[in-house]
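Worksheet for the structure shown next.
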Amino acid sequence: MNTPGAAQALERLPTLDDKAARLLVAARRQGTLAERLPIELRPTNLEEGFAIQQRVGDQLGWQTAAWKCALPPAGKLIAAPIYDAVIHRGAQYCIPAGLAQSCVRVEPELACLLAHDLPPRRDAYGEAEVFDALGNVHVALELLGSRYVHPETLTFPELLADGLFNAGLVIGPRVELREGATPTDLPAEFTVSVTRAGHDTVSFAGRHPDRSVLAPIVWLANFLRVRGLGLHAGQAVITGSYAGVLELPIGCELYIGFGDLGTLPLTFLS
């Protein structure tokens with residue numbers, strides 16, 4: 001069932017939302033940065049921002065292979081698709097056009113893969129159903145970037161329309177859970193470390209912002225189901241950084257440690 005804000009957003013879809021999405025799609029495809037959306041195309045609330053975000057995916061024609069989410073603070077909505085075209089597995093990662101600088105901004109996260117679908121439906125999903133749908137867990141890095149020139153000056157609905165700073169996702173090795181453990185046993189805290197040849201290892205006291213990797217997935221499944229969307233087997237879900245934003249160098253062999261859960265070897269290439 002749609003909220004009044006959702007109904008208003010749907011009325012805009014064939015016109016203003018399509019035009020706003022086209023500007024953001026052009027920035028993604030061309031690897032350029034867009035100025036702020038024209039005032040008549042700017043989303044004025046969260047539902048409009050999410051509607052534009054979904055139009056971006058439609059126009060790109062890319063498959064949603066993952067989602068980022070978090071338990072939403074008051075006045076915000078933390079949900080955005082991550083497309084197959086910007087998801088990487090492997091020890092070397094070529095930075096997408098438009099992001100190549102002297103360093104890469106990333107967030108260390110855990111990626112939970114869906115083993116079973118959680119399709120849209122009338123009844124709410126409970127914790128047990130969502131947890132039963134989860135499969136393997138992997139260490140991961142979310143790449144950060146914006147399609148706007150000055151994202152720090154924009155409203156939250158405008159950032160939501162652009163995917164909340166997501167620029168890509170690196171999925172690393174699978175987490176080897178102890179015998180008998182399940183994804184519900186994932187720790188809320190562990191040490192995040194960055195090791196670079198010839199330099200001292202830098203460590204951070206890692207802590208999940210919601211104190212739970214899985215609670216945001218329950219929220220996301222229910223947020224999507226009432227909008228006719230769902231989560232699908234094979235998709236990954238990331239739910240928040242364990243160490244805020246890290247700036248990592250380009251062209252160096254790096255090892256990102258996730259406590260006892262695993263290590264992600266990675267070299268960023270421009």
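Going by the structure tokens order, chains are called A, B, ..., each with residues numbered from 1, while ligands are numbered from 1 in the order shown.
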
For segment 150-211 of chain A versus segment 71-77 of chain A, which residues have an atom no more than 10 Å away, and what is each residue's nearest atom pair and distance in Å rounded to one decimal, using only C-alpha atoms, chain-then-number order, as CSV?
```
residue,atom,partner,partner_atom,distance
A:Phe156,CA,A:Lys76,CA,7.1
A:Pro157,CA,A:Lys76,CA,8.2
A:Leu160,CA,A:Leu77,CA,7.6
A:Leu164,CA,A:Leu77,CA,9.6
A:Pro209,CA,A:Leu71,CA,9.2
A:Asp210,CA,A:Leu71,CA,6.9
```

Preceding selection exported with all heavy atoms as an mmCIF file, in the first residue's frame:
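After the write, result_23.cif holds the following:
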```cif
data_model
loop_
_atom_site.group_PDB
_atom_site.id
_atom_site.type_symbol
_atom_site.label_atom_id
_atom_site.label_comp_id
_atom_site.auth_asym_id
_atom_site.auth_seq_id
_atom_site.Cartn_x
_atom_site.Cartn_y
_atom_site.Cartn_z
ATOM 1 N N PHE A 156 18.737 15.865 1.419
ATOM 2 C CA PHE A 156 18.825 14.412 1.467
ATOM 3 C C PHE A 156 18.047 13.749 0.334
ATOM 4 O O PHE A 156 18.545 12.776 -0.258
ATOM 5 C CB PHE A 156 18.357 13.879 2.825
ATOM 6 C CG PHE A 156 18.650 12.424 2.994
ATOM 7 C CD1 PHE A 156 19.885 11.999 3.434
ATOM 8 C CD2 PHE A 156 17.702 11.462 2.666
ATOM 9 C CE1 PHE A 156 20.177 10.643 3.546
ATOM 10 C CE2 PHE A 156 17.976 10.109 2.780
ATOM 11 C CZ PHE A 156 19.221 9.704 3.232
ATOM 12 N N PRO A 157 16.828 14.212 -0.020
ATOM 13 C CA PRO A 157 16.142 13.575 -1.162
ATOM 14 C C PRO A 157 16.943 13.624 -2.455
ATOM 15 O O PRO A 157 16.880 12.684 -3.262
ATOM 16 C CB PRO A 157 14.841 14.376 -1.276
ATOM 17 C CG PRO A 157 14.568 14.832 0.117
ATOM 18 C CD PRO A 157 15.930 15.160 0.672
ATOM 19 N N LEU A 160 19.473 10.883 -2.144
ATOM 20 C CA LEU A 160 18.781 9.610 -2.291
ATOM 21 C C LEU A 160 18.543 9.299 -3.767
ATOM 22 O O LEU A 160 18.706 8.158 -4.217
ATOM 23 C CB LEU A 160 17.456 9.657 -1.533
ATOM 24 C CG LEU A 160 16.588 8.398 -1.555
ATOM 25 C CD1 LEU A 160 17.299 7.235 -0.875
ATOM 26 C CD2 LEU A 160 15.242 8.681 -0.876
ATOM 27 N N LEU A 164 22.776 7.634 -2.841
ATOM 28 C CA LEU A 164 23.442 7.769 -1.536
ATOM 29 C C LEU A 164 24.943 7.486 -1.609
ATOM 30 O O LEU A 164 25.494 6.727 -0.813
ATOM 31 C CB LEU A 164 22.780 6.858 -0.499
ATOM 32 C CG LEU A 164 21.305 7.162 -0.201
ATOM 33 C CD1 LEU A 164 20.721 6.119 0.735
ATOM 34 C CD2 LEU A 164 21.159 8.559 0.403
ATOM 35 N N PRO A 209 27.327 0.465 12.743
ATOM 36 C CA PRO A 209 26.553 1.628 13.216
ATOM 37 C C PRO A 209 25.202 1.276 13.805
ATOM 38 O O PRO A 209 24.697 2.007 14.669
ATOM 39 C CB PRO A 209 26.399 2.486 11.951
ATOM 40 C CG PRO A 209 26.654 1.556 10.806
ATOM 41 C CD PRO A 209 27.634 0.547 11.304
ATOM 42 N N ASP A 210 24.600 0.165 13.382
ATOM 43 C CA ASP A 210 23.307 -0.254 13.937
ATOM 44 C C ASP A 210 23.455 -1.387 14.942
ATOM 45 O O ASP A 210 22.448 -1.949 15.390
ATOM 46 C CB ASP A 210 22.367 -0.691 12.807
ATOM 47 C CG ASP A 210 21.857 0.481 11.991
ATOM 48 O OD1 ASP A 210 21.636 1.556 12.575
ATOM 49 O OD2 ASP A 210 21.691 0.332 10.765
#
```

Show me, as a Markdown table, the residues of segment 40-109 of chain A having an atom within 12 Å of segment 124-138 of chain A, each with the closest atom pair and its distance in Å, using only C-alpha atoms.
```
| residue | atom | partner | partner_atom | distance |
| --- | --- | --- | --- | --- |
| A:Arg89 | CA | A:His138 | CA | 10.7 |
| A:Pro108 | CA | A:His138 | CA | 11.0 |
| A:Glu109 | CA | A:His138 | CA | 8.7 |
```

Inset, instruction - Please provide as a PyMOL selection string all residues within 6 Å of Arg105 of chain A, with the sequence filter that same-chain residues fewer than 4 positions apart are discarded (counting only C-alpha atoms). - result: chain A and resi 144+246-247

Inset, instruction - Do a neighbour search on Leu24 of chain A at 9 Å with only C-alpha atoms, toss out local chain neighbours closer than 4 positions, and write the hits as a PyMOL selection string. - result: chain A and resi 20+28-29+33-34+37+56+147-148+161-162

Just-selected residues, all heavy atoms written as an mmCIF file, in the first residue's frame:
```cif
data_model
loop_
_atom_site.group_PDB
_atom_site.id
_atom_site.type_symbol
_atom_site.label_atom_id
_atom_site.label_comp_id
_atom_site.auth_asym_id
_atom_site.auth_seq_id
_atom_site.Cartn_x
_atom_site.Cartn_y
_atom_site.Cartn_z
ATOM 1 N N ALA A 20 14.737 14.107 -14.511
ATOM 2 C CA ALA A 20 15.781 14.158 -13.489
ATOM 3 C C ALA A 20 16.700 12.950 -13.610
ATOM 4 O O ALA A 20 17.926 13.070 -13.535
ATOM 5 C CB ALA A 20 15.139 14.207 -12.100
ATOM 6 N N ARG A 28 26.550 9.293 -14.959
ATOM 7 C CA ARG A 28 27.122 7.968 -14.734
ATOM 8 C C ARG A 28 27.790 7.436 -16.001
ATOM 9 O O ARG A 28 28.919 6.940 -15.970
ATOM 10 C CB ARG A 28 26.024 6.989 -14.297
ATOM 11 C CG ARG A 28 25.586 7.116 -12.848
ATOM 12 C CD ARG A 28 24.488 6.113 -12.547
ATOM 13 N NE ARG A 28 24.035 6.185 -11.169
ATOM 14 C CZ ARG A 28 24.464 5.387 -10.192
ATOM 15 N NH1 ARG A 28 25.377 4.460 -10.449
ATOM 16 N NH2 ARG A 28 23.997 5.508 -8.968
ATOM 17 N N ARG A 29 27.105 7.542 -17.122
ATOM 18 C CA ARG A 29 27.621 6.957 -18.360
ATOM 19 C C ARG A 29 28.856 7.703 -18.867
ATOM 20 O O ARG A 29 29.777 7.095 -19.417
ATOM 21 C CB ARG A 29 26.539 6.961 -19.424
ATOM 22 C CG ARG A 29 25.393 5.983 -19.147
ATOM 23 C CD ARG A 29 24.549 5.799 -20.394
ATOM 24 N NE ARG A 29 23.422 4.901 -20.187
ATOM 25 C CZ ARG A 29 23.494 3.577 -20.170
ATOM 26 N NH1 ARG A 29 24.669 2.988 -20.327
ATOM 27 N NH2 ARG A 29 22.409 2.835 -19.985
ATOM 28 N N LEU A 33 30.538 14.958 -13.679
ATOM 29 C CA LEU A 33 29.766 15.397 -12.522
ATOM 30 C C LEU A 33 28.700 16.386 -12.967
ATOM 31 O O LEU A 33 28.962 17.265 -13.792
ATOM 32 C CB LEU A 33 30.675 16.047 -11.479
ATOM 33 C CG LEU A 33 31.734 15.136 -10.857
ATOM 34 C CD1 LEU A 33 32.573 15.903 -9.844
ATOM 35 C CD2 LEU A 33 31.099 13.916 -10.199
ATOM 36 N N ALA A 34 27.504 16.217 -12.427
ATOM 37 C CA ALA A 34 26.390 17.079 -12.789
ATOM 38 C C ALA A 34 26.223 18.196 -11.775
ATOM 39 O O ALA A 34 26.510 18.032 -10.590
ATOM 40 C CB ALA A 34 25.096 16.260 -12.860
ATOM 41 N N LEU A 37 20.353 19.386 -9.740
ATOM 42 C CA LEU A 37 19.209 19.271 -10.632
ATOM 43 C C LEU A 37 18.462 20.599 -10.701
ATOM 44 O O LEU A 37 18.372 21.326 -9.697
ATOM 45 C CB LEU A 37 18.258 18.190 -10.124
ATOM 46 C CG LEU A 37 18.766 16.747 -10.141
ATOM 47 C CD1 LEU A 37 17.756 15.834 -9.458
ATOM 48 C CD2 LEU A 37 19.037 16.289 -11.558
ATOM 49 N N VAL A 56 16.445 5.951 -12.477
ATOM 50 C CA VAL A 56 17.842 5.880 -12.923
ATOM 51 C C VAL A 56 18.181 4.441 -13.307
ATOM 52 O O VAL A 56 18.757 4.175 -14.368
ATOM 53 C CB VAL A 56 18.797 6.397 -11.832
ATOM 54 C CG1 VAL A 56 20.250 6.041 -12.168
ATOM 55 C CG2 VAL A 56 18.653 7.904 -11.667
ATOM 56 N N ARG A 147 27.451 11.714 -8.234
ATOM 57 C CA ARG A 147 27.309 12.249 -9.578
ATOM 58 C C ARG A 147 27.118 13.753 -9.558
ATOM 59 O O ARG A 147 26.999 14.389 -10.599
ATOM 60 C CB ARG A 147 26.123 11.582 -10.291
ATOM 61 C CG ARG A 147 26.450 10.314 -11.060
ATOM 62 C CD ARG A 147 27.148 9.237 -10.289
ATOM 63 N NE ARG A 147 26.362 8.749 -9.174
ATOM 64 C CZ ARG A 147 26.724 7.747 -8.395
ATOM 65 N NH1 ARG A 147 27.875 7.129 -8.584
ATOM 66 N NH2 ARG A 147 25.964 7.371 -7.379
ATOM 67 N N TYR A 148 27.100 14.349 -8.365
ATOM 68 C CA TYR A 148 26.937 15.793 -8.227
ATOM 69 C C TYR A 148 28.291 16.466 -8.005
ATOM 70 O O TYR A 148 29.196 15.890 -7.387
ATOM 71 C CB TYR A 148 26.047 16.138 -7.045
ATOM 72 C CG TYR A 148 24.622 15.637 -7.131
ATOM 73 C CD1 TYR A 148 24.145 14.708 -6.210
ATOM 74 C CD2 TYR A 148 23.736 16.106 -8.104
ATOM 75 C CE1 TYR A 148 22.827 14.261 -6.249
ATOM 76 C CE2 TYR A 148 22.419 15.661 -8.149
ATOM 77 C CZ TYR A 148 21.977 14.743 -7.225
ATOM 78 O OH TYR A 148 20.672 14.303 -7.268
ATOM 79 N N ALA A 161 18.168 10.310 -4.534
ATOM 80 C CA ALA A 161 17.923 10.125 -5.967
ATOM 81 C C ALA A 161 19.163 9.606 -6.679
ATOM 82 O O ALA A 161 19.070 8.852 -7.659
ATOM 83 C CB ALA A 161 17.463 11.442 -6.592
ATOM 84 N N ASP A 162 20.345 9.977 -6.184
ATOM 85 C CA ASP A 162 21.604 9.590 -6.817
ATOM 86 C C ASP A 162 22.209 8.324 -6.212
ATOM 87 O O ASP A 162 23.331 7.951 -6.543
ATOM 88 C CB ASP A 162 22.601 10.750 -6.702
ATOM 89 C CG ASP A 162 23.896 10.477 -7.445
ATOM 90 O OD1 ASP A 162 23.834 9.974 -8.583
ATOM 91 O OD2 ASP A 162 24.979 10.749 -6.876
#
```

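Atom CA of Thr64 of chain A is found 25.4 Å from atom CA of Thr182 of chain A.
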
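DSSP annotation of segment 5-128 of chain A from backbone atoms: strand (DSSP E) residues are Thr64, Ala65, Ala66, Trp67, Lys68, Cys69, Ala79, Ala80, Pro81, Ile82, Tyr83, Ile87, His88, Gln92, Tyr93, Cys94, Cys103, Val104, Arg105, Val106, Glu107, Pro108, Glu109, Leu110, Ala111, Cys112, Leu113 and Leu114 of chain A.
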
Sort by chain and increasing residue number a table of all residues of segment 15-100 of chain A within 12 Å of segment 221-232 of chain A, each with its closest pair of atoms and their distance in Å to one decimal, counting only C-alpha atoms, and write it as a tab-separated table.
```
residue	atom	partner	partner_atom	distance
A:Glu47	CA	A:Arg227	CA	10.5
A:Phe50	CA	A:Arg227	CA	10.6
A:Ala51	CA	A:Arg227	CA	10.3
A:Gln54	CA	A:Leu229	CA	10.5
A:Gln63	CA	A:His232	CA	11.5
A:Thr64	CA	A:His232	CA	9.5
A:Ala65	CA	A:His232	CA	8.7
A:Ala66	CA	A:Leu231	CA	8.8
A:Trp67	CA	A:Leu231	CA	8.7
A:Lys68	CA	A:Ala221	CA	11.8
A:Cys69	CA	A:Ala221	CA	10.2
A:Ala70	CA	A:Phe223	CA	11.3
A:Leu71	CA	A:Phe223	CA	10.7
A:Pro72	CA	A:Phe223	CA	10.8
A:Leu77	CA	A:Phe223	CA	9.8
A:Ile78	CA	A:Phe223	CA	10.3
A:Ala79	CA	A:Phe223	CA	8.8
A:Ala80	CA	A:Leu224	CA	10.7
A:Pro81	CA	A:Leu231	CA	10.6
```
